[in-house]
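**Student:** What follows is run_20.cif; its format and atoms are mmCIF, C-alpha atoms.
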data_start
#
loop_
_atom_site.label_atom_id
_atom_site.label_comp_id
_atom_site.auth_asym_id
_atom_site.auth_seq_id
_atom_site.Cartn_x
_atom_site.Cartn_y
_atom_site.Cartn_z
CA MET A 1 -16.35 42.59 -5.43
CA GLY A 2 -12.70 43.69 -5.75
CA ALA A 3 -10.43 42.66 -8.59
CA GLU A 4 -8.53 40.15 -6.47
CA ALA A 5 -11.71 38.54 -5.09
CA GLY A 6 -13.16 38.40 -8.58
CA ASP A 7 -10.03 36.67 -9.86
CA ILE A 8 -10.22 34.09 -7.04
CA GLN A 9 -13.85 33.36 -7.89
CA SER A 10 -13.20 33.28 -11.63
CA ARG A 11 -10.35 30.80 -11.35
CA ALA A 12 -12.35 28.48 -9.10
CA GLY A 13 -15.26 28.57 -11.54
CA SER A 14 -12.99 27.96 -14.52
CA LEU A 15 -11.25 24.98 -12.90
CA ARG A 16 -14.58 23.50 -11.77
CA ARG A 17 -16.00 23.71 -15.31
CA THR A 18 -12.87 22.21 -16.84
CA MET A 19 -12.90 19.26 -14.45
CA MET A 20 -16.60 18.59 -14.94
CA GLU A 21 -16.20 18.72 -18.71
CA ALA A 22 -13.52 16.03 -18.26
CA GLY A 23 -15.95 13.75 -16.44
CA ALA A 24 -16.11 14.80 -12.78
CA CYS A 25 -19.65 14.84 -11.40
CA LEU A 26 -18.69 16.86 -8.31
CA VAL A 27 -15.98 19.46 -7.72
CA GLY A 28 -15.44 21.56 -4.61
CA PHE A 29 -12.80 23.74 -2.97
CA ALA A 30 -11.95 23.43 0.72
CA ASP A 31 -10.52 25.87 3.24
CA LEU A 32 -8.02 23.71 5.14
CA SER A 33 -7.24 26.20 7.91
CA CYS A 34 -9.10 23.99 10.42
CA LEU A 35 -6.52 21.22 9.90
CA SER A 36 -2.94 20.98 11.12
CA PRO A 37 -0.12 22.14 8.82
CA GLU A 38 1.38 18.67 9.20
CA ALA A 39 -1.72 17.08 7.69
CA THR A 40 -2.05 19.62 4.87
CA LYS A 41 1.70 19.84 4.17
CA GLY A 42 1.32 23.60 4.49
CA TYR A 43 -1.14 23.93 1.60
CA PRO A 44 -4.15 26.12 2.51
CA VAL A 45 -6.68 24.92 -0.09
CA GLY A 46 -7.96 21.47 -1.02
CA ILE A 47 -9.60 20.53 -4.31
CA GLY A 48 -12.00 17.61 -3.97
CA PHE A 49 -13.74 15.89 -6.86
CA ALA A 50 -15.75 12.77 -7.59
CA LEU A 51 -16.66 10.59 -10.55
CA GLU A 52 -19.95 8.73 -10.55
CA TYR A 53 -20.07 4.95 -10.51
CA ASP A 54 -22.40 3.33 -13.01
CA LEU A 55 -25.53 2.35 -11.12
CA ASP A 56 -26.15 -0.79 -13.18
CA ALA A 57 -22.64 -2.04 -12.38
CA VAL A 58 -23.19 -1.40 -8.67
CA ASP A 59 -26.56 -3.16 -8.78
CA SER A 60 -24.93 -6.20 -10.39
CA LEU A 61 -23.05 -6.88 -7.15
CA PRO A 62 -22.05 -9.35 -5.81
CA HIS A 63 -21.18 -10.34 -9.42
CA LYS A 64 -17.79 -8.72 -9.71
CA GLU A 65 -17.03 -8.54 -13.44
CA PRO A 66 -19.29 -5.59 -14.39
CA PHE A 67 -18.25 -3.64 -11.29
CA LEU A 68 -14.52 -4.19 -11.76
CA SER A 69 -14.73 -3.29 -15.45
CA MET A 70 -16.59 -0.09 -14.61
CA LYS A 71 -14.05 0.80 -11.90
CA ALA A 72 -11.18 0.40 -14.35
CA ASP A 73 -12.84 2.86 -16.73
CA VAL A 74 -13.39 5.32 -13.87
CA GLU A 75 -9.74 5.03 -12.82
CA ASP A 76 -8.64 6.01 -16.34
CA LYS A 77 -10.83 9.12 -16.15
CA VAL A 78 -9.43 9.99 -12.72
CA LYS A 79 -5.90 9.96 -14.13
CA GLU A 80 -7.00 12.27 -16.95
CA ILE A 81 -8.57 14.71 -14.49
CA TYR A 82 -5.44 14.80 -12.32
CA ALA A 83 -3.38 15.59 -15.42
CA ILE A 84 -5.77 18.39 -16.38
CA MET A 85 -5.65 19.85 -12.87
CA ALA A 86 -1.86 19.83 -12.92
CA THR A 87 -1.79 21.60 -16.28
CA VAL A 88 -4.20 24.31 -15.13
CA LEU A 89 -2.47 24.91 -11.79
CA ASP A 90 0.94 24.99 -13.46
CA GLY A 91 -0.38 27.58 -15.89
CA TRP A 92 -1.48 29.78 -13.00
CA GLY A 93 1.86 29.36 -11.23
CA TYR A 94 0.28 27.54 -8.26
CA GLY A 95 2.04 24.85 -6.28
CA TYR A 96 0.15 21.63 -5.63
CA THR A 97 0.38 18.04 -4.46
CA ARG A 98 -1.90 15.10 -5.08
CA ILE A 99 -3.59 13.24 -2.21
CA SER A 100 -3.82 9.54 -3.01
CA SER A 101 -6.38 7.13 -1.64
CA GLY A 102 -3.75 6.05 0.89
CA VAL A 103 -4.45 2.34 0.41
CA LEU A 104 -2.52 0.15 -2.00
CA PRO A 105 -4.10 -3.00 -3.46
CA GLY A 106 -3.68 -5.91 -1.07
CA GLU A 107 -2.62 -3.74 1.84
CA PRO A 108 -4.72 -3.21 4.98
CA PRO A 109 -6.34 0.26 5.23
CA PHE A 110 -5.01 0.95 8.72
CA PRO A 111 -3.78 2.99 10.37
CA PRO A 112 -5.87 5.68 8.64
CA GLU A 113 -4.03 8.08 6.34
CA PRO A 114 -3.23 11.52 7.83
CA LEU A 115 -5.53 13.35 5.40
CA PRO A 116 -8.16 11.15 3.71
CA GLN A 117 -9.66 12.24 0.41
CA LYS A 118 -13.11 12.08 2.00
CA ALA A 119 -12.07 14.62 4.66
CA ILE A 120 -11.22 17.08 1.89
CA ALA A 121 -14.51 16.20 0.19
CA THR A 122 -16.56 17.10 3.28
CA LEU A 123 -14.66 20.37 3.73
CA ALA A 124 -15.27 21.10 0.03
CA GLY A 125 -19.02 20.60 0.48
CA LEU A 126 -19.33 17.44 -1.63
CA GLY A 127 -21.18 15.41 1.01
CA TRP A 128 -20.99 13.86 4.47
CA ILE A 129 -19.50 10.68 5.92
CA GLY A 130 -22.13 7.94 6.02
CA LYS A 131 -22.52 5.20 8.58
CA SER A 132 -20.44 3.04 6.23
CA SER A 133 -17.53 5.50 6.67
CA LEU A 134 -17.80 6.35 2.97
CA LEU A 135 -18.49 9.80 1.58
CA VAL A 136 -22.20 10.16 0.77
CA SER A 137 -23.18 12.88 -1.69
CA PRO A 138 -26.79 14.10 -1.95
CA ASP A 139 -26.91 13.38 -5.70
CA TYR A 140 -24.94 10.14 -5.99
CA GLY A 141 -24.89 8.59 -2.53
CA PRO A 142 -21.66 6.70 -1.81
CA ARG A 143 -21.36 5.49 -5.42
CA VAL A 144 -18.46 7.77 -6.38
CA ARG A 145 -14.71 7.57 -6.83
CA LEU A 146 -13.04 10.43 -4.97
CA GLY A 147 -9.92 12.38 -5.85
CA ALA A 148 -8.15 15.24 -4.10
CA MET A 149 -5.33 17.71 -4.55
CA LEU A 150 -3.85 20.39 -2.31
CA THR A 151 -2.70 23.77 -3.59
CA ASP A 152 -1.21 27.04 -2.42
CA GLY A 153 -3.33 28.92 -4.95
CA SER A 154 -6.09 31.36 -4.07
CA LEU A 155 -9.44 29.81 -4.97
CA LEU A 156 -12.92 30.62 -3.71
CA THR A 157 -13.79 27.87 -1.22
CA ASP A 158 -17.14 26.17 -0.65
CA LYS A 159 -19.20 25.73 2.50
CA PRO A 160 -18.13 22.58 4.36
CA VAL A 161 -20.48 19.76 5.38
CA VAL A 162 -20.09 19.08 9.10
CA TYR A 163 -22.76 16.52 9.98
CA SER A 164 -24.54 13.49 8.53
CA VAL A 165 -28.10 13.44 7.27
CA CYS A 166 -28.35 9.63 7.28
CA GLY A 167 -30.63 9.89 10.30
CA ASP A 168 -32.38 6.65 11.24
CA CYS A 169 -31.56 4.86 7.97
CA ASN A 170 -29.65 1.64 8.66
CA LEU A 171 -29.75 -0.07 5.26
CA CYS A 172 -25.97 -0.16 4.91
CA VAL A 173 -25.68 -1.48 8.48
CA GLU A 174 -28.09 -4.30 7.65
CA ALA A 175 -26.37 -5.04 4.34
CA CYS A 176 -22.89 -5.50 5.81
CA PRO A 177 -22.27 -9.27 5.96
CA VAL A 178 -19.70 -9.02 8.78
CA GLY A 179 -21.25 -6.33 10.98
CA ALA A 180 -18.43 -3.85 10.39
CA ILE A 181 -20.79 -0.83 10.26
CA LYS A 182 -21.70 0.25 13.78
CA GLY A 183 -24.71 2.44 12.96
CA ALA A 184 -23.50 5.76 14.42
CA ASN A 185 -24.07 9.09 12.71
CA TRP A 186 -21.04 11.17 11.78
CA THR A 187 -20.24 14.74 12.71
CA GLN A 188 -17.03 16.57 11.89
CA GLY A 189 -14.23 15.31 14.10
CA VAL A 190 -15.67 11.84 14.75
CA GLU A 191 -13.07 9.09 14.40
CA ARG A 192 -13.47 6.37 11.76
CA SER A 193 -13.32 3.73 14.48
CA ASP A 194 -16.50 5.15 16.03
CA LEU A 195 -18.38 4.44 12.80
CA PHE A 196 -16.78 1.41 11.29
CA ASP A 197 -14.57 -1.59 12.10
CA VAL A 198 -12.12 -1.41 9.22
CA ARG A 199 -10.35 -4.64 10.23
CA LEU A 200 -13.53 -6.70 9.95
CA CYS A 201 -14.24 -5.18 6.53
CA TYR A 202 -10.68 -5.76 5.30
CA GLU A 203 -10.58 -9.38 6.43
CA HIS A 204 -13.85 -10.06 4.60
CA ARG A 205 -12.84 -8.25 1.42
CA ARG A 206 -9.50 -10.03 1.14
CA ASP A 207 -11.40 -13.08 -0.09
CA SER A 208 -14.36 -11.54 -1.89
CA LEU A 209 -15.60 -8.40 -3.58
CA CYS A 210 -18.24 -6.89 -1.32
CA GLU A 211 -19.26 -3.22 -1.76
CA LEU A 212 -22.80 -4.10 -0.63
CA CYS A 213 -22.99 -0.85 1.34
CA LEU A 214 -22.76 1.00 -1.99
CA LYS A 215 -25.64 -1.02 -3.33
CA ALA A 216 -27.81 -0.66 -0.23
CA CYS A 217 -27.68 3.12 0.16
CA PRO A 218 -30.89 4.74 -1.10
CA ILE A 219 -29.43 8.23 -1.37
CA GLY A 220 -28.79 9.39 -4.91
CA ARG A 221 -30.95 6.75 -6.57
CA GLN A 222 -33.55 9.32 -7.64
#
Let me see the structure of the file written as structure tokens.
**Tutor:**
Amino acid sequence: MGAEAGDIQSRAGSLRRTMMEAGACLVGFADLSCLSPEATKGYPVGIGFALEYDLDAVDSLPHKEPFLSMKADVEDKVKEIYAIMATVLDGWGYGYTRISSGVLPGEPPFPPEPLPQKAIATLAGLGWIGKSSLLVSPDYGPRVRLGAMLTDGSLLTDKPVVYSVCGDCNLCVEACPVGAIKGANWTQGVERSDLFDVRLCYEHRRDSLCELCLKACPIGRQ
């Protein structure tokens, strides 16, 4: 391995360790060359990460208080991790921009954002898109809070995930109280609308906390 390649690998490893020490359960680096420059804002590398939701809080659903309290704690940790990433990338002289969730509280999640965090997560090898249209990781299922940043820095990228392994499982489909989950399996390039009716979900969730697809998914419960 040459000096430059070794430096690229070393920096990726160092940033991954730093983020996981700060509370991330998953960190990956994505080659964004398969996406349009308009979507990536000209940045060639994506950094995807996730924080695990507390399983007891998820299992308390539909009681909302434990889940909302847990989510607030996770959001505080996400802010800390973004600050750490910025400090590290600044120190290396790399440019970067944060990718938000794209949905503000109380606003409908459509049309879809140009570059969703979960798209970066799949390209960074963190998991696949489940039938619920959520990222599903092998270790944690869909019970994670995602974050993402783009950078012009040279970092060793991970192998992308390009297809679902949900197979014949339809537990999230059966758990959805409004039938928003269509039951199709995802592959890279499939549109959200082919998997999921976001308008049905949004209309239901305006009046109640749902998240039952998180609770129903068996992946990651081991």
**Student:** Using the chain letters and numbers from the file, give me the residues hit by the PyMOL selection byres ((chain A and resi 138-149) around 8), as a PyMOL selection string.
**Tutor:** chain A and resi 46-55+58+74+78+96-101+117-118+120-121+127+130+134-137+150-151+214+217-221
**Student:** Closest to Ala83 of chain A among A:Glu4, A:Val165, A:Ala180, A:Met19, using all atoms listed in the file?
**Tutor:**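 Of all the options, A:Met19 lies closest to Ala83 of chain A.
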**Student:** Can you turn the PyMOL selection byres ((chain A and resi 62) around 7) into a concrete residue list for this file, as a CSV table (one decimal) with C-alpha atoms, keeping the file's coordinate frame?
**Tutor:**
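After the write, out-v8.csv holds the following:
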chain,number,residue,atom,x,y,z
A,60,SER,CA,-24.9,-6.2,-10.4
A,61,LEU,CA,-23.0,-6.9,-7.2
A,63,HIS,CA,-21.2,-10.3,-9.4
A,64,LYS,CA,-17.8,-8.7,-9.7
A,209,LEU,CA,-15.6,-8.4,-3.6
A,210,CYS,CA,-18.2,-6.9,-1.3
**Student:** Applied to this file, what does the PyMOL selection byres ((chain A and resi 123) around 9) return in terms of residues, put as a list in words?
**Tutor:**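 Going through the file, the PyMOL selection byres ((chain A and resi 123) around 9) ends up selecting Gly28, Phe29, Ala30, Asp31, Leu32, Gly46, Gly48, Lys118, Ala119, Ile120, Ala121, Thr122, Ala124, Gly125, Leu126, Gly127, Asp158, Lys159, Pro160, Val161 and Val162 of chain A.
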**Student:** Leaving out Ser10 of chain A and any residue of its chain fewer than 5 positions from it, which residues lie within 10 Å of it when counting all atoms listed in the file, given as a list of chain:residue names?
**Tutor:**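 Counting only the stated atoms, we get A:Glu4, A:Ala5, A:Leu15, A:Arg16, A:Leu155, A:Leu156.
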**Student:** So how far away is atom CA of Asn185 of chain A from atom CA of Pro44 of chain A, in Å?
**Tutor:**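 Atom-to-atom, atom CA of Pro44 of chain A to atom CA of Asn185 of chain A, that is 28.1 Å.
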**Student:** Quote the spacing between atom CA of Gly23 of chain A and atom CA of Glu80 of chain A in Å to one decimal place.
**Tutor:**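 Taking atom CA of Gly23 of chain A as the start and atom CA of Glu80 of chain A as the end point, the length is 9.1 Å.
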**Student:** Atom CA of Met20 of chain A and atom CA of Asp73 of chain A, how far apart in Å?
**Tutor:**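 We find that atom CA of Asp73 of chain A and atom CA of Met20 of chain A lie 16.3 Å from each other.
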**Student:** Pick out the closest residue to Val190 of chain A from this set: A:Ala24, A:Ile129, A:Cys172, A:Cys213. Count all atoms listed in the file.
**Tutor:**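 The shortest atom-to-atom distance to Val190 of chain A comes from A:Ile129.
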**Student:** For Ala12 of chain A, which residue out of A:Asp194, A:Gly153, A:Cys25, A:Gly91 is the nearest one, using only C-alpha atoms?
**Tutor:** A:Gly153
**Student:** For Ile84 of chain A, which residue among A:Lys41, A:Arg17, A:Arg192, A:Arg205 is the nearest when counting all atoms listed in the file?
**Tutor:**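 Counting all atoms listed in the file, the residue closest to Ile84 of chain A is A:Arg17.
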**Student:** Nearest to Pro114 of chain A among A:Ser154, A:Thr40, A:Ser33, A:Ser133, with distances taken over only C-alpha atoms: which residue is it?
**Tutor:**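 So, comparing all the options, the nearest one is A:Thr40.
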**Student:** With distances taken over only C-alpha atoms, which residue among A:Glu191, A:Asp152, A:Glu75, A:Glu203 lies nearest Gly93 of chain A?
**Tutor:**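 Once distances to Gly93 of chain A are computed over only C-alpha atoms, the minimum belongs to A:Asp152.
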**Student:** Draw an axis-aligned box over all listed atoms of segment 84-92 of chain A, pad each side with 8 Å, and write its centre and edge lengths in Å, one decimal, as AutoDock Vina command-line options.
**Tutor:**
--center_x -2.4 --center_y 24.1 --center_z -14.1 --size_x 22.7 --size_y 27.4 --size_z 20.6
**Student:** Generate the missing atoms of segment 78-91 of chain A up to N, CA and C atoms and report them as a compact mmCIF listing (two decimals), in the frame of the given file.
**Tutor:**
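After the write, out.txt holds the following:
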# COMPACT_ATOMS: atom_id res chain seq x y z
N VAL A 78 -10.05 9.30 -13.85
CA VAL A 78 -9.43 9.99 -12.72
C VAL A 78 -8.02 10.45 -13.08
N LYS A 79 -7.25 9.59 -13.72
CA LYS A 79 -5.90 9.96 -14.13
C LYS A 79 -5.92 11.14 -15.09
N GLU A 80 -6.89 11.16 -16.00
CA GLU A 80 -7.00 12.27 -16.95
C GLU A 80 -7.31 13.58 -16.21
N ILE A 81 -8.19 13.51 -15.22
CA ILE A 81 -8.57 14.71 -14.49
C ILE A 81 -7.39 15.24 -13.67
N TYR A 82 -6.62 14.35 -13.04
CA TYR A 82 -5.44 14.80 -12.32
C TYR A 82 -4.46 15.51 -13.27
N ALA A 83 -4.29 14.97 -14.46
CA ALA A 83 -3.38 15.59 -15.42
C ALA A 83 -3.88 16.97 -15.84
N ILE A 84 -5.18 17.09 -16.03
CA ILE A 84 -5.77 18.39 -16.38
C ILE A 84 -5.59 19.39 -15.25
N MET A 85 -5.84 18.96 -14.01
CA MET A 85 -5.65 19.85 -12.87
C MET A 85 -4.22 20.35 -12.79
N ALA A 86 -3.27 19.45 -12.98
CA ALA A 86 -1.86 19.83 -12.92
C ALA A 86 -1.53 20.87 -14.00
N THR A 87 -2.05 20.66 -15.19
CA THR A 87 -1.79 21.60 -16.28
C THR A 87 -2.35 22.99 -15.97
N VAL A 88 -3.57 23.03 -15.46
CA VAL A 88 -4.20 24.31 -15.13
C VAL A 88 -3.46 25.01 -14.01
N LEU A 89 -3.15 24.30 -12.94
CA LEU A 89 -2.47 24.91 -11.79
C LEU A 89 -1.06 25.35 -12.15
N ASP A 90 -0.38 24.57 -12.97
CA ASP A 90 0.94 24.99 -13.46
C ASP A 90 0.83 26.29 -14.25
N GLY A 91 -0.19 26.38 -15.08
CA GLY A 91 -0.38 27.58 -15.89
C GLY A 91 -0.62 28.83 -15.06
